[in-house]
Every structure is written in C-alpha cells, then in structure tokens.
Amino acid sequence: MCAGVQELEHLLGLIAAGLDELRGSADIEKHDIRVKVAGDIAALPSRLRTAAEAVEAATQHRGSGGLLTICLGYGGRQDLVEAARRTALDYASGALSLDDINEQAISDRLSTAGVPDADLVVRTSGEERISNFLLWQIAYAELFFSPLPWPAFDAGPAPHPPPH
C-alpha cells in the first residue's frame, strides 16, 4: 500500500473513531443533540458508513438541544445536481407536477432535507471562501471569517485586534 493510501486510510479511521465517540458522548446525551451526516454516505468506505449510520441511529430520538450536521463525501454542487436529478425523476414518474417544482421541492431533495438552513457560517484559519460547502443552505446566512485555526477557535471571548 502506498503512503498516500495509508494516510487516507488513517484519516478515514480517525473520522470513524470520532463518529463512534460522538455516538457515546455524554455531552451529546446531556444536551439532547441529534447528529446527522450529510453527503453521499453510500460512497463512503464501509467502516465510515457504518459509524455514520450508527451515530445517526443512536441520536435520532434527540434534538431538543440542537442538531449537529457533519458533512462527509459532500460537495455543494453535487448535492444540487442530485436534488435536480431526484426532482426530474419525480416529475417524470408523475409524483411531482411542474407547478410543484419550487424552492421547497428542491430543499426536500437535498442531502440535508429536514435540516434547517444555516443562520451562521464560521470559517476558521483565515480562509475567506465557502469552498463548495452548503451552497443552497447558506444563501441567507451570515458569514464570519476568523484568522484562528480550528480547534483553537471556540466560544470563548474574542481576541483583541492587534494594535495598528
């Protein structure tokens, strides 16, 4: 196995372990958080797909404390293409009329169906772009760009701006 494949396998293992940790997290339980994985889950390696499905199943009855959406195998453009395909198939089968094709019909066919659109997008590490991330879902969101890297960025007090 080449070094690149080994590195990718290691990274995927870390993500799967993180999902497993979330599934058993006392904080997730205490705060009644639901976890949803958005993206092309079917295309993920089996270990990662299993971990994603398990954390969703374990938290599906929760949600009064909020929703944590984790995007894996996700791209905003691909999400829109797949929603358009599903809309076209539903129209072709007669399940959807031309007059029923609207913003809600598209939203209902995105990988984030049932998840509220984002109100705030925080981009860390000094990047000032959205990078094909939730293109439809952040149409009306506020964007905040921070020079702090994740995980150094947290809900603590804001740093003082440097003197000029």
# chains A, B, ... in the order shown; residues from 1 in each chain; ligands from 1
$ residues_around --residues "region 106-116 of chain A" --least-positions-apart "6" --cutoff "6 Å" --atoms "only C-alpha atoms" --output "ChimeraX atom specification"
/A:38-39,79,83
$ write_last_selection --atoms "C-alpha atoms" --output "JSON list (two decimals), in the first residue's frame"
[["chain", "number", "residue", "atom", "x", "y", "z"],
["A", 38, "ALA", "CA", -24.97, 14.79, 5.10],
["A", 39, "GLY", "CA", -23.36, 13.78, 1.84],
["A", 79, "ASP", "CA", -25.79, 17.99, -3.80],
["A", 83, "ALA", "CA", -31.50, 17.16, -5.98]]
$ residues_around --residues "region 58-67 of chain A" --least-positions-apart "5" --cutoff "9 Å" --atoms "only C-alpha atoms" --output "ChimeraX atom specification"
/A:23-24,28-36,53,115
$ write_last_selection --atoms "N, CA and C atoms" --output "mmCIF file, in the first residue's frame"
data_model
loop_
_atom_site.group_PDB
_atom_site.id
_atom_site.type_symbol
_atom_site.label_atom_id
_atom_site.label_comp_id
_atom_site.auth_asym_id
_atom_site.auth_seq_id
_atom_site.Cartn_x
_atom_site.Cartn_y
_atom_site.Cartn_z
ATOM 1 N N ARG A 23 -21.218 9.089 19.179
ATOM 2 C CA ARG A 23 -22.342 8.194 19.462
ATOM 3 C C ARG A 23 -22.468 7.933 20.961
ATOM 4 N N GLY A 24 -21.342 7.805 21.646
ATOM 5 C CA GLY A 24 -21.368 7.529 23.074
ATOM 6 C C GLY A 24 -21.086 8.737 23.943
ATOM 7 N N ILE A 28 -23.323 14.904 24.166
ATOM 8 C CA ILE A 28 -24.382 14.773 23.165
ATOM 9 C C ILE A 28 -25.673 14.343 23.860
ATOM 10 N N GLU A 29 -25.552 13.398 24.783
ATOM 11 C CA GLU A 29 -26.732 12.935 25.520
ATOM 12 C C GLU A 29 -27.247 14.013 26.466
ATOM 13 N N LYS A 30 -26.362 14.614 27.223
ATOM 14 C CA LYS A 30 -26.752 15.625 28.211
ATOM 15 C C LYS A 30 -27.476 16.799 27.562
ATOM 16 N N HIS A 31 -26.990 17.245 26.424
ATOM 17 C CA HIS A 31 -27.571 18.418 25.759
ATOM 18 C C HIS A 31 -28.636 18.042 24.726
ATOM 19 N N ASP A 32 -28.962 16.758 24.633
ATOM 20 C CA ASP A 32 -30.005 16.245 23.750
ATOM 21 C C ASP A 32 -29.786 16.676 22.295
ATOM 22 N N ILE A 33 -28.582 16.391 21.794
ATOM 23 C CA ILE A 33 -28.179 16.754 20.438
ATOM 24 C C ILE A 33 -28.452 15.589 19.483
ATOM 25 N N ARG A 34 -29.024 15.909 18.345
ATOM 26 C CA ARG A 34 -29.186 14.939 17.265
ATOM 27 C C ARG A 34 -28.025 15.112 16.303
ATOM 28 N N VAL A 35 -27.475 14.017 15.800
ATOM 29 C CA VAL A 35 -26.380 14.061 14.838
ATOM 30 C C VAL A 35 -26.889 13.562 13.492
ATOM 31 N N LYS A 36 -26.617 14.329 12.448
ATOM 32 C CA LYS A 36 -26.977 13.946 11.082
ATOM 33 C C LYS A 36 -25.714 14.020 10.230
ATOM 34 N N GLU A 53 -23.922 5.795 10.093
ATOM 35 C CA GLU A 53 -25.275 5.274 10.299
ATOM 36 C C GLU A 53 -25.546 5.013 11.779
ATOM 37 N N VAL A 115 -33.212 19.480 7.600
ATOM 38 C CA VAL A 115 -32.290 20.246 8.441
ATOM 39 C C VAL A 115 -32.490 21.729 8.123
#
$ residues_around --residues "Asp119 (chain A)" --least-positions-apart "4" --cutoff "9 Å" --atoms "only C-alpha atoms" --output "ChimeraX atom specification"
/A:138,140-143
$ atom_distance --atom1 "CA of Ile15 (chain A)" --atom2 "CA of Arg49 (chain A)"
10.5 Å
$ select_by_dssp --residues "region 90-143 of chain A" --states "strand (DSSP E or B)" --output "list in words"
Leu120, Val121, Val122, Arg123, Glu142 and Leu143 of chain A
$ select_by_dssp --residues "chain A" --states "alpha helix (DSSP H)" --output "PyMOL selection string"
chain A and resi 3-23+26-30+46-59+76-92+103-107
$ residues_around --residues "Arg77 (chain A)" --least-positions-apart "3" --cutoff "12 Å" --atoms "only C-alpha atoms" --output "ChimeraX atom specification"
/A:39,74,80-84,110-111,130-137
$ write_last_selection --atoms "N, CA, C and O atoms" --output "PDB file, in the first residue's frame"
ATOM      1  N   GLY A  39     -24.296  14.090   2.906  1.00  0.00           N
ATOM      2  CA  GLY A  39     -23.355  13.775   1.840  1.00  0.00           C
ATOM      3  C   GLY A  39     -23.677  12.424   1.245  1.00  0.00           C
ATOM      4  O   GLY A  39     -24.699  11.807   1.554  1.00  0.00           O
ATOM      5  N   TYR A  74     -19.271  15.055   0.797  1.00  0.00           N
ATOM      6  CA  TYR A  74     -20.215  16.112   0.460  1.00  0.00           C
ATOM      7  C   TYR A  74     -19.578  17.169  -0.436  1.00  0.00           C
ATOM      8  O   TYR A  74     -18.447  17.576  -0.213  1.00  0.00           O
ATOM      9  N   LEU A  80     -26.641  19.737  -5.274  1.00  0.00           N
ATOM     10  CA  LEU A  80     -27.637  20.383  -6.136  1.00  0.00           C
ATOM     11  C   LEU A  80     -27.945  19.540  -7.376  1.00  0.00           C
ATOM     12  O   LEU A  80     -29.110  19.418  -7.786  1.00  0.00           O
ATOM     13  N   VAL A  81     -26.926  18.946  -7.969  1.00  0.00           N
ATOM     14  CA  VAL A  81     -27.136  18.085  -9.139  1.00  0.00           C
ATOM     15  C   VAL A  81     -28.014  16.889  -8.747  1.00  0.00           C
ATOM     16  O   VAL A  81     -28.965  16.543  -9.464  1.00  0.00           O
ATOM     17  N   GLU A  82     -27.713  16.258  -7.624  1.00  0.00           N
ATOM     18  CA  GLU A  82     -28.506  15.101  -7.190  1.00  0.00           C
ATOM     19  C   GLU A  82     -29.944  15.509  -6.871  1.00  0.00           C
ATOM     20  O   GLU A  82     -30.889  14.770  -7.172  1.00  0.00           O
ATOM     21  N   ALA A  83     -30.145  16.674  -6.261  1.00  0.00           N
ATOM     22  CA  ALA A  83     -31.501  17.156  -5.980  1.00  0.00           C
ATOM     23  C   ALA A  83     -32.256  17.408  -7.282  1.00  0.00           C
ATOM     24  O   ALA A  83     -33.450  17.092  -7.396  1.00  0.00           O
ATOM     25  N   ALA A  84     -31.567  17.957  -8.287  1.00  0.00           N
ATOM     26  CA  ALA A  84     -32.191  18.189  -9.594  1.00  0.00           C
ATOM     27  C   ALA A  84     -32.565  16.860 -10.239  1.00  0.00           C
ATOM     28  O   ALA A  84     -33.659  16.730 -10.809  1.00  0.00           O
ATOM     29  N   LEU A 110     -32.417  17.635  -1.194  1.00  0.00           N
ATOM     30  CA  LEU A 110     -31.002  17.799  -0.868  1.00  0.00           C
ATOM     31  C   LEU A 110     -30.607  16.774   0.193  1.00  0.00           C
ATOM     32  O   LEU A 110     -31.465  16.234   0.897  1.00  0.00           O
ATOM     33  N   SER A 111     -29.323  16.533   0.345  1.00  0.00           N
ATOM     34  CA  SER A 111     -28.862  15.578   1.365  1.00  0.00           C
ATOM     35  C   SER A 111     -29.122  16.098   2.777  1.00  0.00           C
ATOM     36  O   SER A 111     -29.077  15.330   3.729  1.00  0.00           O
ATOM     37  N   ILE A 130     -16.271  29.952   0.595  1.00  0.00           N
ATOM     38  CA  ILE A 130     -17.186  28.927   1.089  1.00  0.00           C
ATOM     39  C   ILE A 130     -16.836  27.530   0.587  1.00  0.00           C
ATOM     40  O   ILE A 130     -17.351  26.545   1.098  1.00  0.00           O
ATOM     41  N   SER A 131     -15.995  27.429  -0.404  1.00  0.00           N
ATOM     42  CA  SER A 131     -15.410  26.149  -0.831  1.00  0.00           C
ATOM     43  C   SER A 131     -16.425  25.060  -1.149  1.00  0.00           C
ATOM     44  O   SER A 131     -16.290  23.932  -0.666  1.00  0.00           O
ATOM     45  N   ASN A 132     -17.465  25.367  -1.933  1.00  0.00           N
ATOM     46  CA  ASN A 132     -18.421  24.354  -2.384  1.00  0.00           C
ATOM     47  C   ASN A 132     -19.159  23.706  -1.223  1.00  0.00           C
ATOM     48  O   ASN A 132     -19.528  22.548  -1.262  1.00  0.00           O
ATOM     49  N   PHE A 133     -19.372  24.470  -0.159  1.00  0.00           N
ATOM     50  CA  PHE A 133     -19.968  23.932   1.060  1.00  0.00           C
ATOM     51  C   PHE A 133     -21.363  24.509   1.274  1.00  0.00           C
ATOM     52  O   PHE A 133     -21.528  25.722   1.395  1.00  0.00           O
ATOM     53  N   LEU A 134     -22.365  23.648   1.275  1.00  0.00           N
ATOM     54  CA  LEU A 134     -23.754  24.033   1.559  1.00  0.00           C
ATOM     55  C   LEU A 134     -24.208  25.243   0.730  1.00  0.00           C
ATOM     56  O   LEU A 134     -24.774  26.195   1.251  1.00  0.00           O
ATOM     57  N   LEU A 135     -23.982  25.194  -0.553  1.00  0.00           N
ATOM     58  CA  LEU A 135     -24.261  26.334  -1.427  1.00  0.00           C
ATOM     59  C   LEU A 135     -25.716  26.796  -1.347  1.00  0.00           C
ATOM     60  O   LEU A 135     -25.986  27.999  -1.293  1.00  0.00           O
ATOM     61  N   TRP A 136     -26.655  25.904  -1.348  1.00  0.00           N
ATOM     62  CA  TRP A 136     -28.076  26.240  -1.268  1.00  0.00           C
ATOM     63  C   TRP A 136     -28.435  26.676   0.151  1.00  0.00           C
ATOM     64  O   TRP A 136     -29.149  27.652   0.355  1.00  0.00           O
ATOM     65  N   GLN A 137     -27.932  25.952   1.137  1.00  0.00           N
ATOM     66  CA  GLN A 137     -28.351  26.092   2.523  1.00  0.00           C
ATOM     67  C   GLN A 137     -27.826  27.348   3.203  1.00  0.00           C
ATOM     68  O   GLN A 137     -28.310  27.733   4.263  1.00  0.00           O
TER      69      GLN A 137
END
$ closest_residue --among "A:Arg47, A:Ala118, A:Asp100, A:Thr124" --to "Leu14 (chain A)" --atoms "only C-alpha atoms"
A:Arg47
$ atom_distance --atom1 "CA of Ile41 (chain A)" --atom2 "CA of Ala105 (chain A)"
21.6 Å
$ residues_around --residues "Ala95 (chain A)" --least-positions-apart "6" --cutoff "12 Å" --atoms "only C-alpha atoms" --output "PyMOL selection string"
chain A and resi 86-89+101+105
$ atom_distance --atom1 "CA of Arg85 (chain A)" --atom2 "CA of Gly73 (chain A)"
17.9 Å
$ decode --residues "region 130-146 of chain A" --atoms "N, CA and C atoms" --output "mmCIF file, in the first residue's frame"
data_model
loop_
_atom_site.group_PDB
_atom_site.id
_atom_site.type_symbol
_atom_site.label_atom_id
_atom_site.label_comp_id
_atom_site.auth_asym_id
_atom_site.auth_seq_id
_atom_site.Cartn_x
_atom_site.Cartn_y
_atom_site.Cartn_z
ATOM 1 N N ILE A 130 -16.271 29.952 0.595
ATOM 2 C CA ILE A 130 -17.186 28.927 1.089
ATOM 3 C C ILE A 130 -16.836 27.530 0.587
ATOM 4 N N SER A 131 -15.995 27.429 -0.404
ATOM 5 C CA SER A 131 -15.410 26.149 -0.831
ATOM 6 C C SER A 131 -16.425 25.060 -1.149
ATOM 7 N N ASN A 132 -17.465 25.367 -1.933
ATOM 8 C CA ASN A 132 -18.421 24.354 -2.384
ATOM 9 C C ASN A 132 -19.159 23.706 -1.223
ATOM 10 N N PHE A 133 -19.372 24.470 -0.159
ATOM 11 C CA PHE A 133 -19.968 23.932 1.060
ATOM 12 C C PHE A 133 -21.363 24.509 1.274
ATOM 13 N N LEU A 134 -22.365 23.648 1.275
ATOM 14 C CA LEU A 134 -23.754 24.033 1.559
ATOM 15 C C LEU A 134 -24.208 25.243 0.730
ATOM 16 N N LEU A 135 -23.982 25.194 -0.553
ATOM 17 C CA LEU A 135 -24.261 26.334 -1.427
ATOM 18 C C LEU A 135 -25.716 26.796 -1.347
ATOM 19 N N TRP A 136 -26.655 25.904 -1.348
ATOM 20 C CA TRP A 136 -28.076 26.240 -1.268
ATOM 21 C C TRP A 136 -28.435 26.676 0.151
ATOM 22 N N GLN A 137 -27.932 25.952 1.137
ATOM 23 C CA GLN A 137 -28.351 26.092 2.523
ATOM 24 C C GLN A 137 -27.826 27.348 3.203
ATOM 25 N N ILE A 138 -26.810 28.005 2.637
ATOM 26 C CA ILE A 138 -26.262 29.207 3.287
ATOM 27 C C ILE A 138 -26.611 30.486 2.534
ATOM 28 N N ALA A 139 -27.617 30.410 1.672
ATOM 29 C CA ALA A 139 -27.990 31.563 0.841
ATOM 30 C C ALA A 139 -28.249 32.824 1.659
ATOM 31 N N TYR A 140 -28.803 32.691 2.852
ATOM 32 C CA TYR A 140 -29.138 33.857 3.670
ATOM 33 C C TYR A 140 -28.363 33.894 4.988
ATOM 34 N N ALA A 141 -27.334 33.089 5.097
ATOM 35 C CA ALA A 141 -26.549 33.005 6.335
ATOM 36 C C ALA A 141 -25.576 34.180 6.455
ATOM 37 N N GLU A 142 -25.283 34.523 7.674
ATOM 38 C CA GLU A 142 -24.209 35.467 7.957
ATOM 39 C C GLU A 142 -22.898 34.694 7.835
ATOM 40 N N LEU A 143 -21.883 35.344 7.305
ATOM 41 C CA LEU A 143 -20.576 34.717 7.163
ATOM 42 C C LEU A 143 -19.600 35.391 8.111
ATOM 43 N N PHE A 144 -18.874 34.587 8.865
ATOM 44 C CA PHE A 144 -17.864 35.114 9.794
ATOM 45 C C PHE A 144 -16.555 34.410 9.490
ATOM 46 N N PHE A 145 -15.537 35.201 9.214
ATOM 47 C CA PHE A 145 -14.218 34.655 8.905
ATOM 48 C C PHE A 145 -13.269 34.988 10.051
ATOM 49 N N SER A 146 -12.638 33.957 10.580
ATOM 50 C CA SER A 146 -11.726 34.128 11.702
ATOM 51 C C SER A 146 -10.322 33.689 11.302
#
